[in-house]
$ cat data-v6.cif   # mmCIF, C-alpha atoms and all ligand atoms
data_run
#
loop_
_atom_site.label_atom_id
_atom_site.label_comp_id
_atom_site.auth_asym_id
_atom_site.auth_seq_id
_atom_site.Cartn_x
_atom_site.Cartn_y
_atom_site.Cartn_z
CA MET D 1 108.28 108.49 11.06
CA SER D 2 105.38 109.12 13.41
CA LEU D 3 105.69 107.62 16.85
CA LEU D 4 102.19 106.18 16.61
CA ARG D 5 100.16 105.72 13.47
CA VAL D 6 96.62 104.42 13.49
CA GLU D 7 95.18 103.52 10.12
CA LYS D 8 91.62 102.64 9.19
CA LEU D 9 90.92 101.31 12.62
CA ASN D 10 87.55 99.61 12.98
CA LEU D 11 86.28 98.19 16.22
CA TRP D 12 83.17 96.23 17.06
CA TYR D 13 81.90 95.16 20.46
CA HIS D 14 79.82 92.14 19.49
CA ASP D 15 78.13 93.60 16.41
CA LYS D 16 78.13 97.19 17.59
CA HIS D 17 80.44 99.17 15.30
CA VAL D 18 82.23 101.57 17.65
CA LEU D 19 85.25 102.88 15.68
CA LYS D 20 84.85 103.52 11.96
CA ASP D 21 87.92 103.96 9.77
CA VAL D 22 89.76 105.95 12.41
CA SER D 23 93.13 107.19 11.14
CA PHE D 24 95.52 109.57 12.89
CA PHE D 25 99.12 109.88 13.96
CA ALA D 26 100.98 111.14 17.00
CA ASN D 27 104.48 112.57 16.92
CA ARG D 28 107.26 113.00 19.39
CA GLY D 29 107.38 116.43 20.96
CA GLU D 30 103.68 117.00 20.48
CA VAL D 31 100.46 116.88 22.50
CA LEU D 32 97.51 115.48 20.56
CA CYS D 33 94.07 115.93 22.11
CA ILE D 34 91.17 113.67 21.24
CA VAL D 35 87.84 115.34 21.94
CA GLY D 36 84.28 114.20 21.55
CA GLU D 37 81.11 113.56 23.50
CA SER D 38 80.75 110.69 25.91
CA GLY D 39 80.22 107.45 23.99
CA SER D 40 81.97 108.66 20.84
CA GLY D 41 84.66 105.97 21.17
CA LYS D 42 87.60 107.91 22.66
CA SER D 43 88.54 105.43 25.38
CA SER D 44 88.13 102.55 22.95
CA ILE D 45 90.95 104.00 20.84
CA PHE D 46 93.32 103.79 23.81
CA HIS D 47 92.16 100.28 24.70
CA ALA D 48 92.80 99.21 21.12
CA VAL D 49 96.30 100.72 21.11
CA MET D 50 97.16 98.92 24.36
CA ARG D 51 95.41 95.80 23.11
CA LEU D 52 93.31 95.68 26.24
CA LEU D 53 89.95 94.84 24.74
CA PRO D 54 87.32 92.39 25.91
CA PRO D 55 87.27 88.99 24.16
CA TYR D 56 84.10 89.84 22.21
CA ALA D 57 85.79 92.84 20.59
CA LYS D 58 86.78 92.63 16.93
CA LEU D 59 89.47 94.88 15.57
CA LYS D 60 90.53 95.66 12.01
CA GLY D 61 93.08 98.06 10.62
CA SER D 62 96.59 98.94 11.64
CA ILE D 63 98.31 100.43 14.68
CA THR D 64 102.03 100.99 14.29
CA PHE D 65 104.28 102.18 17.08
CA LYS D 66 107.85 103.12 16.13
CA GLY D 67 107.11 101.41 12.84
CA LYS D 68 106.09 98.12 14.48
CA GLU D 69 102.62 96.70 13.88
CA LEU D 70 101.11 96.31 17.35
CA LEU D 71 98.19 94.22 16.15
CA SER D 72 100.47 91.38 15.15
CA LEU D 73 102.61 91.26 18.31
CA SER D 74 102.33 88.36 20.71
CA GLU D 75 100.84 88.96 24.14
CA GLU D 76 104.30 88.73 25.65
CA GLU D 77 105.71 91.33 23.25
CA MET D 78 102.74 93.53 24.11
CA ARG D 79 103.55 93.24 27.81
CA ASN D 80 106.99 94.69 27.09
CA ILE D 81 105.37 97.67 25.41
CA ARG D 82 102.75 98.42 28.06
CA GLY D 83 104.20 100.66 30.72
CA LYS D 84 107.70 100.72 29.29
CA GLU D 85 107.10 102.05 25.78
CA ILE D 86 103.55 103.32 26.15
CA GLY D 87 102.23 104.56 29.48
CA ILE D 88 98.52 104.92 30.07
CA VAL D 89 96.35 106.73 32.58
CA PHE D 90 92.96 105.05 32.44
CA GLN D 91 89.72 106.97 32.65
CA GLU D 92 88.81 105.59 36.06
CA PRO D 93 92.28 105.15 37.42
CA SER D 94 91.37 104.19 40.97
CA LEU D 95 89.89 100.93 39.68
CA TYR D 96 93.37 99.89 38.60
CA LEU D 97 94.99 100.30 42.00
CA ASP D 98 95.26 97.19 44.13
CA PRO D 99 93.75 97.81 47.58
CA LEU D 100 96.19 95.34 49.19
CA PHE D 101 99.42 97.14 48.33
CA THR D 102 100.79 100.55 49.19
CA VAL D 103 100.60 103.01 46.33
CA GLY D 104 104.37 103.46 46.34
CA SER D 105 104.98 99.75 45.88
CA GLN D 106 102.58 99.75 42.93
CA VAL D 107 104.46 102.53 41.19
CA GLU D 108 107.73 100.77 42.01
CA GLU D 109 106.45 97.45 40.66
CA THR D 110 105.77 98.95 37.24
CA TYR D 111 109.40 100.06 37.05
CA ARG D 112 110.78 96.75 38.38
CA GLU D 113 108.82 94.72 35.87
CA HIS D 114 110.82 96.29 33.07
CA PHE D 115 114.10 97.46 34.58
CA GLY D 116 114.65 95.40 37.74
CA LYS D 117 115.02 96.31 41.37
CA LYS D 118 117.96 98.67 41.18
CA GLY D 119 116.95 102.29 41.63
CA ALA D 120 113.27 101.35 41.51
CA LYS D 121 112.32 103.02 44.77
CA GLU D 122 114.00 106.31 43.84
CA ARG D 123 112.32 106.25 40.44
CA ALA D 124 108.93 105.60 42.02
CA LEU D 125 109.38 108.43 44.47
CA SER D 126 110.45 110.80 41.77
CA ALA D 127 107.45 109.81 39.60
CA LEU D 128 105.08 110.49 42.50
CA LYS D 129 106.65 113.93 42.94
CA LYS D 130 106.48 114.68 39.22
CA ALA D 131 102.79 113.72 39.25
CA GLY D 132 102.26 116.52 41.78
CA ILE D 133 101.84 114.50 44.96
CA PRO D 134 102.80 116.51 48.04
CA ASN D 135 104.75 114.71 50.79
CA ALA D 136 105.51 111.90 48.40
CA GLU D 137 107.64 109.97 50.93
CA GLU D 138 104.70 109.77 53.30
CA LYS D 139 102.11 109.00 50.59
CA TYR D 140 104.38 106.27 49.24
CA ARG D 141 103.56 104.09 52.26
CA MET D 142 99.82 104.63 52.14
CA TYR D 143 97.14 102.32 50.78
CA PRO D 144 94.74 103.46 48.04
CA HIS D 145 91.77 103.78 50.44
CA GLN D 146 93.74 106.27 52.52
CA LEU D 147 94.01 108.69 49.60
CA SER D 148 91.48 111.05 48.00
CA GLY D 149 90.27 110.45 44.45
CA GLY D 150 92.53 113.21 43.17
CA LEU D 151 95.60 111.69 44.83
CA LYS D 152 94.77 108.23 43.47
CA GLN D 153 94.51 109.74 40.01
CA ARG D 154 97.97 111.24 40.45
CA VAL D 155 99.33 107.88 41.62
CA CYS D 156 98.08 106.44 38.33
CA ILE D 157 99.80 109.24 36.46
CA ALA D 158 102.99 108.30 38.34
CA ILE D 159 102.54 104.67 37.23
CA ALA D 160 102.14 105.85 33.63
CA ILE D 161 105.35 107.89 33.65
CA VAL D 162 107.65 105.95 35.97
CA CYS D 163 109.40 104.13 33.10
CA GLU D 164 109.63 107.39 31.12
CA PRO D 165 107.89 105.88 28.11
CA PRO D 166 108.24 107.74 24.80
CA LEU D 167 104.43 107.80 24.46
CA VAL D 168 101.89 108.57 27.18
CA LEU D 169 98.14 108.15 26.77
CA ALA D 170 95.97 109.97 29.28
CA ASP D 171 92.22 109.40 29.36
CA GLU D 172 90.46 112.38 30.97
CA PRO D 173 93.40 112.70 33.36
CA THR D 174 92.26 115.81 35.19
CA THR D 175 88.57 115.21 35.84
CA ALA D 176 88.94 114.33 39.52
CA LEU D 177 91.39 117.13 40.21
CA ASP D 178 90.82 120.61 41.55
CA VAL D 179 91.98 123.51 39.44
CA SER D 180 95.41 124.05 40.98
CA VAL D 181 96.36 120.37 40.78
CA GLN D 182 94.93 120.22 37.25
CA ARG D 183 97.36 123.02 36.28
CA LYS D 184 100.27 121.02 37.70
CA VAL D 185 99.29 117.84 35.89
CA LEU D 186 98.81 119.65 32.60
CA SER D 187 102.19 121.32 32.97
CA LEU D 188 103.69 117.89 33.56
CA PHE D 189 102.29 116.73 30.20
CA ARG D 190 103.63 119.86 28.53
CA ARG D 191 107.04 119.23 30.05
CA MET D 192 107.02 115.68 28.70
CA ARG D 193 106.18 117.07 25.27
CA ASP D 194 109.07 119.53 25.61
CA GLU D 195 111.37 116.63 26.48
CA GLY D 196 110.45 115.10 23.13
CA LYS D 197 107.87 112.59 24.23
CA GLY D 198 104.56 112.00 22.53
CA VAL D 199 101.45 112.72 24.58
CA ILE D 200 97.84 111.95 23.70
CA ILE D 201 95.15 113.35 25.98
CA ILE D 202 91.49 112.44 25.80
CA THR D 203 89.30 115.20 27.12
CA HIS D 204 85.92 116.80 26.66
CA ASP D 205 87.21 119.98 28.26
CA PHE D 206 88.29 122.61 25.76
CA GLY D 207 90.09 124.38 28.59
CA VAL D 208 92.44 121.38 28.72
CA VAL D 209 92.75 121.52 24.92
CA ALA D 210 93.66 125.21 25.03
CA GLU D 211 96.28 124.62 27.71
CA THR D 212 97.98 121.59 26.22
CA ALA D 213 97.18 120.69 22.64
CA ASP D 214 99.33 121.17 19.58
CA ARG D 215 96.90 119.23 17.42
CA VAL D 216 93.34 118.09 17.94
CA ILE D 217 91.12 115.40 16.49
CA VAL D 218 87.38 115.46 17.00
CA LEU D 219 85.53 112.18 17.27
CA LYS D 220 81.81 111.77 16.73
CA ASP D 221 80.06 108.37 16.84
CA GLY D 222 83.33 106.59 16.14
CA THR D 223 84.33 108.74 13.17
CA ILE D 224 86.92 111.51 13.05
CA VAL D 225 84.97 114.53 11.83
CA GLU D 226 87.65 117.14 12.19
CA GLU D 227 91.37 117.34 12.60
CA GLY D 228 93.69 120.29 12.84
CA SER D 229 96.08 122.43 14.80
CA VAL D 230 94.78 123.83 18.05
CA TRP D 231 94.46 127.21 16.25
CA ASP D 232 92.33 125.74 13.46
CA ILE D 233 90.00 124.16 15.96
CA PHE D 234 89.43 127.28 18.02
CA GLU D 235 89.58 129.91 15.28
CA ASN D 236 88.05 128.13 12.36
CA PRO D 237 86.14 124.98 13.33
CA LYS D 238 84.76 123.44 10.16
CA HIS D 239 82.36 120.90 11.50
CA GLU D 240 79.10 121.88 13.17
CA TYR D 241 79.76 119.26 15.84
CA THR D 242 83.05 120.96 16.80
CA ARG D 243 81.26 124.31 16.99
CA LYS D 244 78.65 122.73 19.24
CA LEU D 245 81.34 121.31 21.54
CA LEU D 246 83.02 124.72 21.65
CA ARG D 247 79.77 126.44 22.52
CA ALA D 248 79.33 124.05 25.44
CA LEU D 249 82.57 125.41 26.89
N1 LIG D 301 83.87 96.96 27.04
C1 LIG D 301 82.80 97.34 26.33
N2 LIG D 301 81.86 96.45 25.94
C2 LIG D 301 80.81 96.84 25.20
N3 LIG D 301 80.57 98.10 24.81
C3 LIG D 301 81.46 99.04 25.17
C4 LIG D 301 82.62 98.71 25.95
N4 LIG D 301 83.33 99.85 26.15
C5 LIG D 301 82.65 100.82 25.54
N5 LIG D 301 81.54 100.37 24.95
C6 LIG D 301 80.58 101.14 24.12
O1 LIG D 301 81.31 101.66 23.03
C7 LIG D 301 80.95 103.00 22.76
C8 LIG D 301 82.20 103.88 22.89
O2 LIG D 301 82.61 103.89 24.24
P1 LIG D 301 83.92 104.61 24.75
O3 LIG D 301 85.06 104.22 23.89
O4 LIG D 301 84.04 104.35 26.20
O5 LIG D 301 83.57 106.16 24.45
P2 LIG D 301 84.07 107.49 25.20
O6 LIG D 301 85.36 107.21 25.85
O7 LIG D 301 84.16 108.49 24.08
O8 LIG D 301 82.99 107.87 26.15
C9 LIG D 301 79.85 103.34 23.75
O9 LIG D 301 78.63 103.13 23.11
C10 LIG D 301 80.05 102.37 24.87
O10 LIG D 301 78.85 102.08 25.51
MG MG D 302 85.91 107.41 27.80
#
$ encode --input "data-v6.cif" --output "structure tokens"
Amino acid sequence: MSLLRVEKLNLWYHDKHVLKDVSFFANRGEVLCIVGESGSGKSSIFHAVMRLLPPYAKLKGSITFKGKELLSLSEEEMRNIRGKEIGIVFQEPSLYLDPLFTVGSQVEETYREHFGKKGAKERALSALKKAGIPNAEEKYRMYPHQLSGGLKQRVCIAIAIVCEPPLVLADEPTTALDVSVQRKVLSLFRRMRDEGKGVIIITHDFGVVAETADRVIVLKDGTIVEEGSVWDIFENPKHEYTRKLLRAL
């Protein structure tokens, strides 16, 4: 059974049709990359999976996680999934950090919400280290405004992995990072894959695809136009749009 299976997903914002019959799956022990131009609907897929859509959004289709239909869960059941079962790194992660709390306490809070106080601080610290934050003990006590954009992004990665969820969604997770930190973060995702977790990365950077992906889906105007192994995509892209994206590399 696939860890996540999305079937014939259709999404409208008001009457704008943004996702059109999107179907794909994600397995344990695999990195799936979703690529496509800006505006093609990539982030909307993640928001639909997490059921974090604005009230004027209309969704049709099916999203099953571990065989459970997410679209029919109650809001409370969904809260037990977010963070604990599915971790997410949002596209503009710094917006999700609360300026009033230290970054360490925000990572810790995500763990406590699901597993309680015991061991929470150690887990938070270890997540910050795994996310590639140097001097994690010191950074733990800092407030978001005291950190660079790249560090804030890594704090959000720590929040996404602190509960060790079986599925992690990462929306352009390396855009604010310089090359050496980007390497570290990508190797973290590969390690999670090797530990048997499922990882889905949204990116428009084929360098990221080359370094991480096992499989790739290509999204254009809300439709999946191509799907294949990372080899297929680089060696034998079928769709002109994929070739165009590759040329832009
Ligand atoms: N919350 C929203 N309300 C209305 N329109 C949105 C919202 N989020 C995204 N859109 C629109 O939906 C389309 C897909 O956006 P998005 O999923 O963010 O694409 P991508 O992540 O590929 O850039 C775009 O046309 C965008 O303007
Ligand atoms: Mg996006």
$ residues_near_ligand --input "data-v6.cif" --ligand "ligand LIG 301 (chain D)" --cutoff "7 Å" --atoms "only C-alpha atoms and all ligand atoms" --output "ChimeraX atom specification"
/D:13,18,36-45,53-54
$ closest_residue --input "data-v6.cif" --among "D:Leu219, D:Leu9, D:Leu59, D:Ala158" --to "ligand MG 302 (chain D)" --atoms "only C-alpha atoms and all ligand atoms"
D:Leu219
$ closest_residue --input "data-v6.cif" --among "D:Arg51, D:His204, D:His114, D:Lys139" --to "ligand MG 302 (chain D)" --atoms "only C-alpha atoms and all ligand atoms"
D:His204
$ closest_residue --input "data-v6.cif" --among "D:Pro165, D:Gly29, D:Pro144, D:Pro93" --to "ligand MG 302 (chain D)" --atoms "all atoms listed in the file"
D:Pro93
$ closest_residue --input "data-v6.cif" --among "D:Thr242, D:Ser2, D:Gln182, D:Thr174" --to "Val89 (chain D)" --atoms "all atoms listed in the file"
D:Thr174
$ residues_around --input "data-v6.cif" --residues "Arg82 (chain D)" --least-positions-apart "6" --cutoff "12 Å" --atoms "all atoms listed in the file" --output "list in words"
Phe46, His47, Val49, Met50, Arg51, Leu52, Phe65, Leu70, Glu75, Glu76, Ile88, Val89, Thr110, Tyr111, Glu113, His114, Ile159, Ala160, Ile161, Val162, Cys163, Glu164, Pro165, Pro166, Leu167, Val168 and Leu169 of chain D
$ atom_distance --input "data-v6.cif" --atom1 "CA of Ile200 (chain D)" --atom2 "CA of Ser126 (chain D)"
22.1 Å
$ residues_around --input "data-v6.cif" --residues "His145 (chain D)" --least-positions-apart "6" --cutoff "12 Å" --atoms "all atoms listed in the file" --output "PyMOL selection string"
chain D and resi 94-95+97-103+139+151-152
$ residues_around --input "data-v6.cif" --residues "region 207-209 of chain D" --least-positions-apart "4" --cutoff "8 Å" --atoms "only C-alpha atoms" --output "JSON, numbers by chain"
{"D": [33, 186, 203, 213, 216, 230, 249]}
$ atom_distance --input "data-v6.cif" --atom1 "CA of Arg154 (chain D)" --atom2 "CA of Met192 (chain D)"
15.5 Å
$ atom_distance --input "data-v6.cif" --atom1 "CA of Ala57 (chain D)" --atom2 "CA of Asp15 (chain D)"
8.8 Å
$ closest_residue --input "data-v6.cif" --among "D:Val35, D:Met78, D:Ala248, D:Leu3" --to "ligand MG 302 (chain D)" --atoms "only C-alpha atoms and all ligand atoms"
D:Val35
$ closest_residue --input "data-v6.cif" --among "D:Ile224, D:Ile157, D:Leu188, D:Ile34" --to "ligand MG 302 (chain D)" --atoms "only C-alpha atoms and all ligand atoms"
D:Ile34
